[in-house]
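What follows is protein_14.cif (mmCIF, C-alpha atoms).
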```cif
data_upload
loop_
_atom_site.label_atom_id
_atom_site.label_comp_id
_atom_site.auth_asym_id
_atom_site.auth_seq_id
_atom_site.Cartn_x
_atom_site.Cartn_y
_atom_site.Cartn_z
CA MET G 1 25.11 8.74 -12.65
CA THR G 2 24.26 5.97 -10.22
CA VAL G 3 20.66 4.95 -9.48
CA THR G 4 19.30 2.42 -6.99
CA VAL G 5 16.46 0.30 -8.38
CA HIS G 6 13.92 -1.76 -6.43
CA TYR G 7 11.38 -4.32 -7.65
CA PHE G 8 8.40 -5.61 -5.69
CA ALA G 9 5.92 -8.50 -5.57
CA ARG G 10 5.31 -10.49 -8.77
CA LEU G 11 7.80 -8.32 -10.68
CA ARG G 12 10.52 -9.06 -8.11
CA GLU G 13 9.88 -12.80 -8.45
CA GLU G 14 9.79 -12.75 -12.27
CA LEU G 15 13.04 -10.78 -12.52
CA GLY G 16 14.70 -12.86 -9.81
CA ARG G 17 16.00 -9.86 -7.88
CA ALA G 18 14.71 -7.23 -5.46
CA ASP G 19 17.37 -4.56 -5.99
CA GLU G 20 20.07 -3.48 -8.38
CA THR G 21 22.36 -0.52 -8.97
CA ALA G 22 22.37 1.11 -12.41
CA GLU G 23 25.46 2.99 -13.65
CA LEU G 24 24.68 5.27 -16.59
CA PRO G 25 26.90 7.58 -18.68
CA THR G 26 24.21 10.29 -18.75
CA GLU G 27 23.21 12.97 -16.22
CA SER G 28 19.51 12.14 -16.34
CA ILE G 29 17.09 9.58 -17.79
CA SER G 30 13.34 9.03 -17.71
CA VAL G 31 11.87 6.22 -15.61
CA GLY G 32 10.67 4.51 -18.80
CA ASP G 33 14.06 4.76 -20.55
CA LEU G 34 15.78 3.44 -17.43
CA TRP G 35 13.58 0.34 -17.67
CA ARG G 36 14.52 -0.06 -21.38
CA HIS G 37 18.21 0.34 -20.49
CA LEU G 38 18.02 -2.32 -17.77
CA HIS G 39 15.72 -4.84 -19.46
CA GLY G 40 16.01 -4.21 -23.23
CA ASP G 41 12.27 -3.95 -23.82
CA ALA G 42 9.31 -1.65 -23.21
CA PRO G 43 7.93 -1.39 -19.67
CA PRO G 44 5.08 -3.87 -19.07
CA GLU G 45 1.49 -2.67 -19.06
CA ARG G 46 -0.01 -1.47 -15.78
CA LEU G 47 3.47 -0.94 -14.33
CA MET G 48 3.53 1.42 -11.34
CA VAL G 49 6.64 3.46 -10.58
CA ALA G 50 8.08 5.59 -7.80
CA VAL G 51 11.06 7.93 -7.60
CA ASN G 52 12.54 8.63 -4.16
CA GLN G 53 9.55 6.86 -2.59
CA GLU G 54 6.96 9.10 -4.23
CA GLN G 55 4.50 8.12 -6.97
CA ALA G 56 5.93 8.88 -10.40
CA ALA G 57 5.29 8.27 -14.10
CA LEU G 58 7.32 6.78 -16.95
CA ASP G 59 8.32 10.29 -18.06
CA THR G 60 9.53 11.34 -14.59
CA VAL G 61 13.20 12.36 -14.78
CA VAL G 62 15.73 10.40 -12.71
CA ARG G 63 19.06 11.90 -11.63
CA ASP G 64 22.23 10.76 -9.88
CA GLY G 65 21.57 9.26 -6.45
CA ASP G 66 17.84 8.75 -6.99
CA GLU G 67 15.92 5.68 -5.82
CA VAL G 68 13.60 4.20 -8.45
CA ALA G 69 11.01 1.48 -7.82
CA TYR G 70 8.98 -0.59 -10.32
CA PHE G 71 5.99 -2.60 -9.13
CA PRO G 72 2.68 -4.16 -10.20
CA PRO G 73 -0.69 -2.61 -9.27
CA VAL G 74 -1.08 -2.41 -5.50
CA THR G 75 -3.49 -4.70 -3.64
CA GLY G 76 -3.50 -3.60 0.00
CA GLY G 77 -6.37 -3.00 2.38
CA MET N 1 -3.07 11.34 13.50
CA ALA N 2 -1.18 8.08 13.22
CA VAL N 3 -0.04 5.52 10.67
CA GLU N 4 0.99 2.14 12.05
CA LEU N 5 2.23 -1.08 10.41
CA TYR N 6 2.01 -4.37 12.31
CA SER N 7 3.97 -7.54 11.53
CA GLU N 8 1.81 -9.56 13.96
CA ASP N 9 -1.93 -9.76 14.66
CA PHE N 10 -3.34 -6.54 16.14
CA ASP N 11 -6.61 -5.73 17.88
CA PRO N 12 -8.24 -2.91 15.88
CA TRP N 13 -10.77 -2.10 18.61
CA ALA N 14 -8.03 -1.66 21.21
CA LEU N 15 -6.32 0.79 18.82
CA VAL N 16 -9.59 2.69 18.38
CA ALA N 17 -10.08 2.90 22.15
CA ARG N 18 -6.49 4.10 22.63
CA ALA N 19 -6.77 6.75 19.91
CA GLU N 20 -10.06 8.06 21.34
CA ARG N 21 -8.37 8.86 24.64
CA ASP N 22 -6.43 11.66 22.88
CA ILE N 23 -9.59 13.36 21.56
CA PRO N 24 -11.95 15.17 23.97
CA ALA N 25 -15.18 13.15 24.17
CA GLU N 26 -17.36 16.26 24.18
CA ALA N 27 -15.82 17.37 20.85
CA ARG N 28 -15.88 14.16 18.85
CA GLY N 29 -19.51 13.93 17.85
CA ALA N 30 -18.82 11.30 15.21
CA ALA N 31 -16.45 8.38 14.75
CA SER N 32 -16.28 6.26 11.62
CA VAL N 33 -14.39 2.97 11.69
CA PHE N 34 -13.58 0.44 8.99
CA VAL N 35 -12.01 -2.90 9.91
CA GLY N 36 -10.97 -5.26 7.11
CA ARG N 37 -10.10 -8.87 7.94
CA MET N 38 -8.61 -11.68 5.91
CA ARG N 39 -11.26 -13.98 4.42
CA ASP N 40 -10.69 -17.72 3.97
CA PHE N 41 -11.95 -17.54 0.38
CA ASN N 42 -11.26 -15.50 -2.76
CA GLU N 43 -12.52 -16.01 -6.32
CA ASP N 44 -14.20 -19.31 -5.36
CA ASP N 45 -10.98 -20.74 -3.88
CA THR N 46 -10.20 -21.57 -0.27
CA VAL N 47 -7.34 -19.38 0.97
CA THR N 48 -5.29 -20.64 3.91
CA GLY N 49 -2.83 -17.78 4.31
CA LEU N 50 -1.68 -14.45 2.96
CA PHE N 51 1.69 -12.75 2.60
CA LEU N 52 1.53 -8.95 2.57
CA GLU N 53 4.57 -7.35 0.95
CA HIS N 54 5.20 -3.62 1.32
CA TYR N 55 7.79 -0.97 0.43
CA PRO N 56 9.35 0.03 3.76
CA GLY N 57 9.56 3.81 3.88
CA MET N 58 7.34 4.57 0.91
CA THR N 59 4.36 2.70 2.34
CA GLU N 60 4.41 4.85 5.47
CA ARG N 61 4.94 8.03 3.44
CA GLU N 62 2.03 7.22 1.13
CA LEU N 63 -0.29 6.54 4.07
CA GLU N 64 0.79 9.79 5.73
CA ARG N 65 0.15 11.67 2.48
CA ILE N 66 -3.33 10.12 2.20
CA VAL N 67 -4.11 11.16 5.78
CA ALA N 68 -2.80 14.69 5.17
CA GLU N 69 -4.97 15.06 2.08
CA ALA N 70 -8.04 13.88 4.01
CA GLU N 71 -7.25 16.38 6.78
CA SER N 72 -7.15 19.16 4.19
CA ARG N 73 -10.57 18.15 2.80
CA TRP N 74 -12.53 17.45 6.00
CA PRO N 75 -12.44 18.96 9.52
CA LEU N 76 -11.07 15.91 11.33
CA LEU N 77 -10.30 15.69 15.04
CA GLY N 78 -8.42 12.42 14.71
CA CYS N 79 -7.37 9.84 12.16
CA LEU N 80 -5.74 6.43 12.49
CA ILE N 81 -4.59 3.94 9.87
CA ALA N 82 -3.25 0.55 10.93
CA HIS N 83 -2.20 -2.05 8.35
CA ARG N 84 -0.81 -5.54 8.63
CA VAL N 85 2.36 -6.68 6.82
CA GLY N 86 4.03 -10.09 6.49
CA ASP N 87 2.36 -13.46 7.03
CA VAL N 88 -1.37 -13.25 7.83
CA ARG N 89 -3.90 -15.92 8.79
CA PRO N 90 -7.63 -16.00 8.00
CA GLY N 91 -9.59 -13.90 10.49
CA ASP N 92 -6.66 -11.60 11.29
CA ALA N 93 -7.25 -7.87 10.92
CA LEU N 94 -5.66 -6.53 7.70
CA VAL N 95 -6.57 -2.87 7.84
CA LEU N 96 -8.10 -0.34 10.23
CA VAL N 97 -9.19 3.15 9.20
CA ALA N 98 -10.74 5.31 11.91
CA THR N 99 -11.71 8.97 11.68
CA TRP N 100 -13.20 11.37 14.19
CA SER N 101 -14.97 14.63 13.54
CA ALA N 102 -17.64 16.83 15.10
CA HIS N 103 -20.20 15.61 12.58
CA ARG N 104 -21.07 12.37 10.80
CA ILE N 105 -20.60 13.35 7.14
CA ALA N 106 -16.97 14.43 7.58
CA ALA N 107 -16.07 11.34 9.62
CA ARG N 108 -17.83 8.93 7.27
CA ASP N 109 -16.66 10.46 3.97
CA ALA N 110 -13.07 10.83 5.16
CA CYS N 111 -12.98 7.20 6.36
CA SER N 112 -14.31 5.95 3.02
CA ASP N 113 -11.96 8.15 0.98
CA ILE N 114 -8.89 7.11 2.97
CA LEU N 115 -9.73 3.42 2.54
CA GLU N 116 -10.25 3.67 -1.22
CA ARG N 117 -7.06 5.67 -1.71
CA LEU N 118 -5.13 3.21 0.43
CA LYS N 119 -6.33 0.32 -1.71
CA HIS N 120 -5.36 2.02 -4.99
CA GLU N 121 -2.26 4.01 -4.06
CA ALA N 122 -0.41 2.60 -1.05
CA PRO N 123 2.34 0.09 -1.93
CA PHE N 124 1.08 -3.21 -0.50
CA TRP N 125 0.84 -6.49 -2.44
CA LYS N 126 -1.02 -9.66 -1.42
CA ARG N 127 0.15 -13.19 -2.24
CA GLU N 128 -2.37 -15.90 -1.40
CA ARG N 129 -1.63 -19.42 -0.21
CA LEU N 130 -4.31 -21.84 -1.49
CA ALA N 131 -5.55 -25.08 0.06
CA ASP N 132 -3.45 -27.19 -2.34
CA GLY N 133 -0.28 -25.46 -1.13
CA SER N 134 0.20 -23.29 -4.23
CA ASP N 135 0.74 -19.50 -4.11
CA ARG N 136 -0.61 -16.74 -6.34
CA TRP N 137 -0.27 -12.95 -6.39
CA VAL N 138 -3.56 -11.07 -6.11
CA GLU N 139 -3.73 -9.06 -9.34
CA LYS N 140 -6.30 -6.49 -8.27
CA ASN N 141 -8.59 -5.55 -5.42
CA THR N 142 -12.24 -6.56 -5.74
CA PRO N 143 -13.87 -3.45 -7.25
CA GLY N 144 -17.09 -2.12 -5.82
CA PHE N 145 -17.59 -4.67 -3.04
#
```

In structure tokens, how does this file's structure come out?
Amino acid sequence: MTVTVHYFARLREELGRADETAELPTESISVGDLWRHLHGDAPPERLMVAVNQEQAALDTVVRDGDEVAYFPPVTGG
Amino acid sequence: MAVELYSEDFDPWALVARAERDIPAEARGAASVFVGRMRDFNEDDTVTGLFLEHYPGMTERELERIVAEAESRWPLLGCLIAHRVGDVRPGDALVLVATWSAHRIAARDACSDILERLKHEAPFWKRERLADGSDRWVEKNTPGF
């Protein structure tokens, strides 16, 4: 499966990239396990996540072609 | 009902006046408007500029979802959210939330609810430029102010 991953704000700067493509040998993976696969450690505290541009959680299931985003707490308004 | 993002300074009161033209005056007994502007201070520091990052696509969808949920809770005649993105200067409008209803409680409560949800759920992130030229990400919105 192929997944598009986006990072925003402080997370984007700390990781040094805004986007990446993840190729995985499985048919599905949770948002939290995708983070572990990409970064080798547990997701940081207070991490917010989205799948296909909708709010999601670390146990949300990701499938081929999905768009996943990781970002810090939002501060708009 | 409208959600609008602006990459340059916008006049919130002109947007309110424009939106009102689409709602019959004799029906809209109540309008509630919130305008948030960029301050030149935060946490005791002088702030000279702000960069507002967003998630193109999801930001609009989240704002539209927030409006739809407000419409399902209150009998609204109109609703407008405008939000700034990109580089902002002190005094510029950051956010406009305007709601119209037949009566005051629905307009006022919906406006307040939309604003609070926007601040906690919509994907926007502020990075401040300080007087000494350094930058810092705003970690959280000021609670309860």

Take the PyMOL selection byres ((chain G) within 7 of (chain N)), apply it to the structure above, and return the hits as a short mmCIF file (atom, residue, chain, number, x, y, z; two decimals) with C-alpha atoms, keeping the file's coordinate frame.
```cif
data_model
loop_
_atom_site.label_atom_id
_atom_site.label_comp_id
_atom_site.auth_asym_id
_atom_site.auth_seq_id
_atom_site.Cartn_x
_atom_site.Cartn_y
_atom_site.Cartn_z
CA ALA G 9 5.92 -8.50 -5.57
CA ARG G 10 5.31 -10.49 -8.77
CA GLN G 53 9.55 6.86 -2.59
CA GLU G 54 6.96 9.10 -4.23
CA PRO G 73 -0.69 -2.61 -9.27
CA VAL G 74 -1.08 -2.41 -5.50
CA THR G 75 -3.49 -4.70 -3.64
CA GLY G 76 -3.50 -3.60 0.00
CA GLY G 77 -6.37 -3.00 2.38
#
```

At a cut-off of 10 Å, using only C-alpha atoms, what residues contact G:Thr21? Leave out same-chain residues fewer than 5 positions from it and give the result as a list in words.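 The neighbour list is Thr2, Val3, Thr4, Val5, His6, Leu38, Glu67 and Val68 of chain G.
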
Compare G:Pro44, G:Ala18, G:Phe8, G:Asp33 by their minimum atom-to-atom distance to G:Thr60, counting only C-alpha atoms, and give me the closest one.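 For G:Thr60, the nearest of the candidates is G:Asp33.
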
G:Val49: which residues within 8 Å, counting all atoms listed in the file, same-chain residues fewer than 4 positions away excluded, as a list in words?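 With the cut-off at 8 Å, the set is Val31, Gln55, Ala56, Ala57, Leu58, Val68, Ala69, Tyr70 and Phe71 of chain G.
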
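Distance-wise, atom CA of N:Val88 and atom CA of G:Leu15 end up 25.1 Å apart.
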
Within 7 Å of G:Ile29, counting all atoms listed in the file, which residues show up once you throw out same-chain ones fewer than 5 positions away? Write them as a VMD selection string, please. chain G and resid 34 61 to 63

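The two atoms in question, atom CA of G:Glu23 and atom CA of G:Asp64, are spaced 9.2 Å apart.
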
Using the incomplete input, complete stretch 39-57 of chain G to the level of N, CA and C atoms; output as a compact mmCIF listing (two decimals), in the frame of the given file.
```
# COMPACT_ATOMS: atom_id res chain seq x y z
N HIS G 39 16.38 -3.59 -19.08
CA HIS G 39 15.72 -4.84 -19.46
C HIS G 39 15.61 -5.04 -20.97
N GLY G 40 15.95 -4.03 -21.78
CA GLY G 40 16.01 -4.21 -23.23
C GLY G 40 14.66 -4.24 -23.91
N ASP G 41 13.59 -3.98 -23.18
CA ASP G 41 12.27 -3.95 -23.82
C ASP G 41 11.41 -2.88 -23.16
N ALA G 42 10.20 -2.69 -23.73
CA ALA G 42 9.31 -1.65 -23.21
C ALA G 42 8.79 -2.04 -21.83
N PRO G 43 8.49 -1.06 -20.98
CA PRO G 43 7.93 -1.39 -19.67
C PRO G 43 6.61 -2.14 -19.82
N PRO G 44 6.34 -3.12 -18.96
CA PRO G 44 5.08 -3.87 -19.07
C PRO G 44 3.88 -2.97 -18.80
N GLU G 45 2.72 -3.42 -19.30
CA GLU G 45 1.49 -2.67 -19.06
C GLU G 45 1.15 -2.66 -17.57
N ARG G 46 0.47 -1.62 -17.16
CA ARG G 46 -0.01 -1.47 -15.78
C ARG G 46 1.13 -1.40 -14.76
N LEU G 47 2.33 -1.08 -15.24
CA LEU G 47 3.47 -0.94 -14.33
C LEU G 47 3.29 0.32 -13.49
N MET G 48 3.53 0.22 -12.19
CA MET G 48 3.53 1.42 -11.34
C MET G 48 4.98 1.75 -11.00
N VAL G 49 5.26 3.04 -10.84
CA VAL G 49 6.64 3.46 -10.58
C VAL G 49 6.70 4.52 -9.48
N ALA G 50 7.85 4.56 -8.82
CA ALA G 50 8.08 5.59 -7.80
C ALA G 50 9.52 6.08 -7.93
N VAL G 51 9.72 7.37 -7.65
CA VAL G 51 11.06 7.93 -7.60
C VAL G 51 11.23 8.57 -6.22
N ASN G 52 12.28 8.16 -5.53
CA ASN G 52 12.54 8.63 -4.16
C ASN G 52 11.31 8.46 -3.27
N GLN G 53 10.67 7.28 -3.43
CA GLN G 53 9.55 6.86 -2.59
C GLN G 53 8.32 7.74 -2.74
N GLU G 54 8.18 8.37 -3.92
CA GLU G 54 6.96 9.10 -4.23
C GLU G 54 6.43 8.61 -5.58
N GLN G 55 5.09 8.55 -5.72
CA GLN G 55 4.50 8.12 -6.97
C GLN G 55 5.08 8.93 -8.13
N ALA G 56 5.34 8.22 -9.23
CA ALA G 56 5.93 8.88 -10.40
C ALA G 56 5.32 8.29 -11.65
N ALA G 57 5.79 8.76 -12.81
CA ALA G 57 5.29 8.27 -14.10
C ALA G 57 6.49 7.87 -14.95
```
